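Colleague: Before we start, here is the structure in question, set down as structure tokens.
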Amino acid sequence: MQVSATEAMSVAQARALLDWYIAMGVDCAIGETPLDRFALGNAAPASPYRSAAAASLIVPPSPRASTTPPSAPAIEGEPGIAEARRLAAAAMSLDELREAMNAFEGCALKAAATQLAFADGIAGSALMLVGEAPGREEDLQGKPFVGRSGQLLDRILASIGLDRSKVYIANVVPWRPPGNRTPTPQELAICRPFIERQIELAAPKCLVLLGGAANSALTGSSLGIVKQRGKWLSLHMGQLVLPTMPTFHPAYLLRNPLSKKLIWNDFMEVHQALRRI
Ligand code: URA
């Protein structure tokens, strides 16, 4: 359907257009007025974070079907990374870290997200879980894992006698990628200093990495989650050395219910480890 600027749109047309946008994966508006990027030509945007912004625009929105991020190496010269490192290192508490992240302008995802989804649960819990990035519900509520994946995560936690008052939950990327697409390697690299500092300040005794993006962002491994899950690793975060269990993302289980047994085995391992701690 094509509607010129001067043509009035009926309510039914507007609704049909919105339905089409949603079907195509568009679920957030990032500007009040349309921008003709062809007319802009090659003029360089003024932002120092140009490459991060450009990266987020060229990756087509797609449902987060795979939790494995693209494997291209992160760009070390990215200005957002240095700034994220500086801010993360300067934060002396989780409140300071949240404030610093709220003020940070080096990740283009922030502009499209409703808000920061910083954490849920109780900091200082023995178990910390780290997922990929907020989805729609998380973006609206400003908390990780409150949508469908979160409900499944609650059931998994309940199977080992835990709930959100006994764990701490965050994501490697705290702003929702448009259309729930997988975060790019560049976005993961920009956000990494923040999640590393968040883990350090929350000081859990044991870490669970939910899905391939969390696993590759925090361990640096290029092996997929199918190969990595179920095997304990030691992760160094500042002064901490944390026993870490990579496992499947709950969203993967929603699509592959036959893998439930594997995640159940992984959480039984975690349960036993927590009893020894
Ligand atoms: N998936 C994630 O990885 N994190 C969330 O917070 C929600 C869905």
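Scheme for the structure tokens: letters A, B, ... for chains in order shown; per-chain residue numbers from 1; ligand numbers from 1 in order shown.
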Quick one: everything within 10 Å of segment 122-124 of chain A, counting only C-alpha atoms, minus sequence neighbours fewer than 2 positions away in the same chain. Send it as a JSON list (two decimals) with N, CA and C atoms, in the first residue's frame.
Modeller:
```
[["chain", "number", "residue", "atom", "x", "y", "z"],
["A", 94, "LEU", "N", 26.35, -1.11, 42.07],
["A", 94, "LEU", "CA", 25.41, -1.43, 40.98],
["A", 94, "LEU", "C", 24.55, -0.21, 40.65],
["A", 119, "ALA", "N", 18.44, -5.23, 35.47],
["A", 119, "ALA", "CA", 18.56, -6.48, 36.24],
["A", 119, "ALA", "C", 17.24, -6.82, 36.89],
["A", 120, "ASP", "N", 17.12, -8.07, 37.28],
["A", 120, "ASP", "CA", 16.01, -8.47, 38.15],
["A", 120, "ASP", "C", 16.59, -9.39, 39.21],
["A", 126, "ALA", "N", 23.75, -16.06, 45.41],
["A", 126, "ALA", "CA", 24.83, -16.97, 45.03],
["A", 126, "ALA", "C", 24.81, -17.27, 43.53],
["A", 127, "LEU", "N", 23.61, -17.27, 42.95],
["A", 127, "LEU", "CA", 23.51, -17.61, 41.52],
["A", 127, "LEU", "C", 23.13, -16.38, 40.70],
["A", 128, "MET", "N", 23.93, -16.14, 39.64],
["A", 128, "MET", "CA", 23.58, -15.09, 38.68],
["A", 128, "MET", "C", 23.37, -15.72, 37.31],
["A", 164, "ARG", "N", 12.98, -15.71, 41.96],
["A", 164, "ARG", "CA", 13.71, -14.44, 41.72],
["A", 164, "ARG", "C", 14.18, -13.74, 43.00],
["A", 165, "SER", "N", 13.70, -14.21, 44.13],
["A", 165, "SER", "CA", 14.22, -13.61, 45.37],
["A", 165, "SER", "C", 15.53, -14.27, 45.78],
["A", 166, "LYS", "N", 15.94, -15.30, 44.99],
["A", 166, "LYS", "CA", 17.17, -16.02, 45.37],
["A", 166, "LYS", "C", 18.21, -16.03, 44.26],
["A", 167, "VAL", "N", 17.95, -15.30, 43.20],
["A", 167, "VAL", "CA", 18.93, -15.23, 42.10],
["A", 167, "VAL", "C", 19.03, -13.78, 41.61],
["A", 168, "TYR", "N", 20.05, -13.52, 40.79],
["A", 168, "TYR", "CA", 20.21, -12.20, 40.18],
["A", 168, "TYR", "C", 20.28, -12.42, 38.67],
["A", 169, "ILE", "N", 19.58, -11.61, 37.89],
["A", 169, "ILE", "CA", 19.46, -11.86, 36.44],
["A", 169, "ILE", "C", 19.80, -10.60, 35.64],
["A", 198, "GLN", "N", 29.04, -5.55, 36.04],
["A", 198, "GLN", "CA", 27.81, -5.89, 36.77],
["A", 198, "GLN", "C", 27.99, -7.22, 37.51],
["A", 199, "ILE", "N", 28.62, -8.17, 36.84],
["A", 199, "ILE", "CA", 28.87, -9.48, 37.48],
["A", 199, "ILE", "C", 29.81, -9.27, 38.66],
["A", 201, "LEU", "N", 30.35, -6.60, 40.45],
["A", 201, "LEU", "CA", 29.74, -5.89, 41.59],
["A", 201, "LEU", "C", 28.65, -6.73, 42.26],
["A", 202, "ALA", "N", 27.96, -7.56, 41.49],
["A", 202, "ALA", "CA", 26.91, -8.42, 42.09],
["A", 202, "ALA", "C", 27.54, -9.58, 42.85],
["A", 203, "ALA", "N", 28.77, -9.92, 42.49],
["A", 203, "ALA", "CA", 29.58, -10.92, 43.18],
["A", 203, "ALA", "C", 28.84, -12.23, 43.49],
["A", 204, "PRO", "N", 28.33, -12.89, 42.44],
["A", 204, "PRO", "CA", 27.71, -14.20, 42.70],
["A", 204, "PRO", "C", 28.78, -15.25, 42.99],
["A", 205, "LYS", "N", 28.33, -16.44, 43.39],
["A", 205, "LYS", "CA", 29.29, -17.53, 43.61],
["A", 205, "LYS", "C", 29.36, -18.43, 42.37]]
```
Colleague: Enumerate residues in contact with ligand 1: an atom-to-atom distance of at most 6 Å, counting only C-alpha atoms and all ligand atoms. Format the result as JSON, numbers by chain.
Modeller: {"A": [131, 132, 133, 134, 135, 138, 144, 145, 149, 171]}
Colleague: Write the residues of the preceding selection, restricted to all heavy atoms, as a JSON list (two decimals), in the first residue's frame.
Modeller:
```json
[["chain", "number", "residue", "atom", "x", "y", "z"],
["A", 131, "GLY", "N", 21.50, -13.58, 30.31],
["A", 131, "GLY", "CA", 20.90, -13.89, 29.01],
["A", 131, "GLY", "C", 21.45, -13.00, 27.92],
["A", 131, "GLY", "O", 22.52, -12.39, 28.06],
["A", 132, "GLU", "N", 20.69, -12.92, 26.83],
["A", 132, "GLU", "CA", 21.19, -12.23, 25.63],
["A", 132, "GLU", "C", 20.82, -10.74, 25.63],
["A", 132, "GLU", "O", 21.70, -9.89, 25.79],
["A", 132, "GLU", "CB", 20.59, -12.92, 24.40],
["A", 132, "GLU", "CG", 21.00, -12.33, 23.09],
["A", 132, "GLU", "CD", 20.42, -13.10, 21.91],
["A", 132, "GLU", "OE1", 20.39, -14.34, 21.95],
["A", 132, "GLU", "OE2", 19.97, -12.45, 20.95],
["A", 133, "ALA", "N", 19.55, -10.44, 25.46],
["A", 133, "ALA", "CA", 19.12, -9.04, 25.34],
["A", 133, "ALA", "C", 17.63, -8.98, 25.62],
["A", 133, "ALA", "O", 16.92, -9.97, 25.42],
["A", 133, "ALA", "CB", 19.40, -8.52, 23.94],
["A", 134, "PRO", "N", 17.15, -7.82, 26.06],
["A", 134, "PRO", "CA", 15.71, -7.72, 26.33],
["A", 134, "PRO", "C", 14.88, -7.93, 25.08],
["A", 134, "PRO", "O", 15.30, -7.56, 23.97],
["A", 134, "PRO", "CB", 15.54, -6.28, 26.83],
["A", 134, "PRO", "CG", 16.90, -5.75, 27.09],
["A", 134, "PRO", "CD", 17.86, -6.57, 26.30],
["A", 135, "GLY", "N", 13.71, -8.52, 25.26],
["A", 135, "GLY", "CA", 12.71, -8.59, 24.19],
["A", 135, "GLY", "C", 11.68, -7.49, 24.44],
["A", 135, "GLY", "O", 11.93, -6.55, 25.21],
["A", 138, "GLU", "N", 10.42, -7.12, 28.15],
["A", 138, "GLU", "CA", 11.52, -6.66, 29.00],
["A", 138, "GLU", "C", 11.78, -5.17, 28.75],
["A", 138, "GLU", "O", 12.05, -4.41, 29.67],
["A", 138, "GLU", "CB", 12.79, -7.46, 28.71],
["A", 138, "GLU", "CG", 12.75, -8.91, 29.17],
["A", 138, "GLU", "CD", 11.94, -9.84, 28.29],
["A", 138, "GLU", "OE1", 11.67, -9.47, 27.12],
["A", 138, "GLU", "OE2", 11.56, -10.93, 28.75],
["A", 144, "PRO", "N", 14.96, -7.73, 32.90],
["A", 144, "PRO", "CA", 15.23, -8.92, 32.08],
["A", 144, "PRO", "C", 14.27, -10.07, 32.36],
["A", 144, "PRO", "O", 13.79, -10.21, 33.49],
["A", 144, "PRO", "CB", 16.65, -9.34, 32.49],
["A", 144, "PRO", "CG", 17.18, -8.25, 33.35],
["A", 144, "PRO", "CD", 16.03, -7.46, 33.86],
["A", 145, "PHE", "N", 14.00, -10.84, 31.35],
["A", 145, "PHE", "CA", 13.28, -12.11, 31.47],
["A", 145, "PHE", "C", 11.93, -11.99, 32.17],
["A", 145, "PHE", "O", 11.67, -12.68, 33.16],
["A", 145, "PHE", "CB", 14.16, -13.17, 32.17],
["A", 145, "PHE", "CG", 15.21, -13.74, 31.26],
["A", 145, "PHE", "CD1", 16.53, -13.32, 31.35],
["A", 145, "PHE", "CD2", 14.89, -14.67, 30.28],
["A", 145, "PHE", "CE1", 17.50, -13.81, 30.50],
["A", 145, "PHE", "CE2", 15.86, -15.17, 29.41],
["A", 145, "PHE", "CZ", 17.18, -14.74, 29.53],
["A", 149, "SER", "N", 10.01, -16.23, 27.67],
["A", 149, "SER", "CA", 11.24, -16.93, 28.07],
["A", 149, "SER", "C", 11.42, -16.85, 29.57],
["A", 149, "SER", "O", 11.88, -17.79, 30.21],
["A", 149, "SER", "CB", 12.46, -16.28, 27.43],
["A", 149, "SER", "OG", 12.42, -16.38, 26.06],
["A", 171, "ASN", "N", 21.44, -9.30, 31.39],
["A", 171, "ASN", "CA", 21.69, -9.68, 29.99],
["A", 171, "ASN", "C", 23.03, -9.12, 29.53],
["A", 171, "ASN", "O", 23.48, -8.09, 30.04],
["A", 171, "ASN", "CB", 20.60, -9.08, 29.09],
["A", 171, "ASN", "CG", 19.29, -9.84, 29.16],
["A", 171, "ASN", "OD1", 19.26, -11.07, 29.05],
["A", 171, "ASN", "ND2", 18.21, -9.11, 29.35]]
```
Colleague: Please produce, as a Markdown table, a per-residue contact table for segment 165-229 of chain A versus segment 254-275 of chain A (criterion: any atom at most 12 Å away, only C-alpha atoms considered), showing the nearest atom pair and its distance in Å to one decimal, sorted by chain then residue number.
Modeller:
```
| residue | atom | partner | partner_atom | distance |
| --- | --- | --- | --- | --- |
| A:Lys166 | CA | A:Leu274 | CA | 11.6 |
| A:Val167 | CA | A:Leu274 | CA | 11.5 |
| A:Pro204 | CA | A:Leu274 | CA | 10.7 |
| A:Lys205 | CA | A:Leu274 | CA | 8.0 |
| A:Cys206 | CA | A:Leu274 | CA | 7.4 |
| A:Leu207 | CA | A:Val270 | CA | 8.7 |
| A:Val208 | CA | A:Val270 | CA | 8.0 |
| A:Leu209 | CA | A:Asp266 | CA | 10.8 |
| A:Leu210 | CA | A:Ile263 | CA | 9.9 |
| A:Gly211 | CA | A:Ile263 | CA | 10.7 |
| A:Ile225 | CA | A:Ile263 | CA | 11.5 |
| A:Val226 | CA | A:Leu262 | CA | 10.0 |
| A:Lys227 | CA | A:Leu262 | CA | 12.0 |
| A:Gln228 | CA | A:Asp266 | CA | 11.2 |
| A:Arg229 | CA | A:Asp266 | CA | 7.6 |
```
Colleague: One decimal, Å: what's the distance from atom CA of Gly147 of chain A over to atom CA of Phe118 of chain A, could you say?
Modeller: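 Separation between atom CA of Gly147 of chain A and atom CA of Phe118 of chain A: 15.0 Å.
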Colleague: With only C-alpha atoms as the atoms that count, which of A:Ala217, A:Leu152, A:Pro178, A:Asp163 lies nearest to Pro250 of chain A?
Modeller: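 Nearest candidate to Pro250 of chain A out of A:Ala217, A:Leu152, A:Pro178, A:Asp163: A:Leu152.
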Colleague: Here is a test: counting only C-alpha atoms, which residue of A:Gly77, A:Pro177, A:Gly224, A:Gly121 is nearest to Asp154 of chain A?
Modeller: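 Distance minimum relative to Asp154 of chain A lands on A:Gly121.
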Colleague: If DSSP is run on the backbone, what residues of segment 156-247 of chain A are strand (DSSP E)? A reply as an MDAnalysis selection string would be ideal.
Modeller: chainID A and resid 167:171 206:210 233:237 240:247
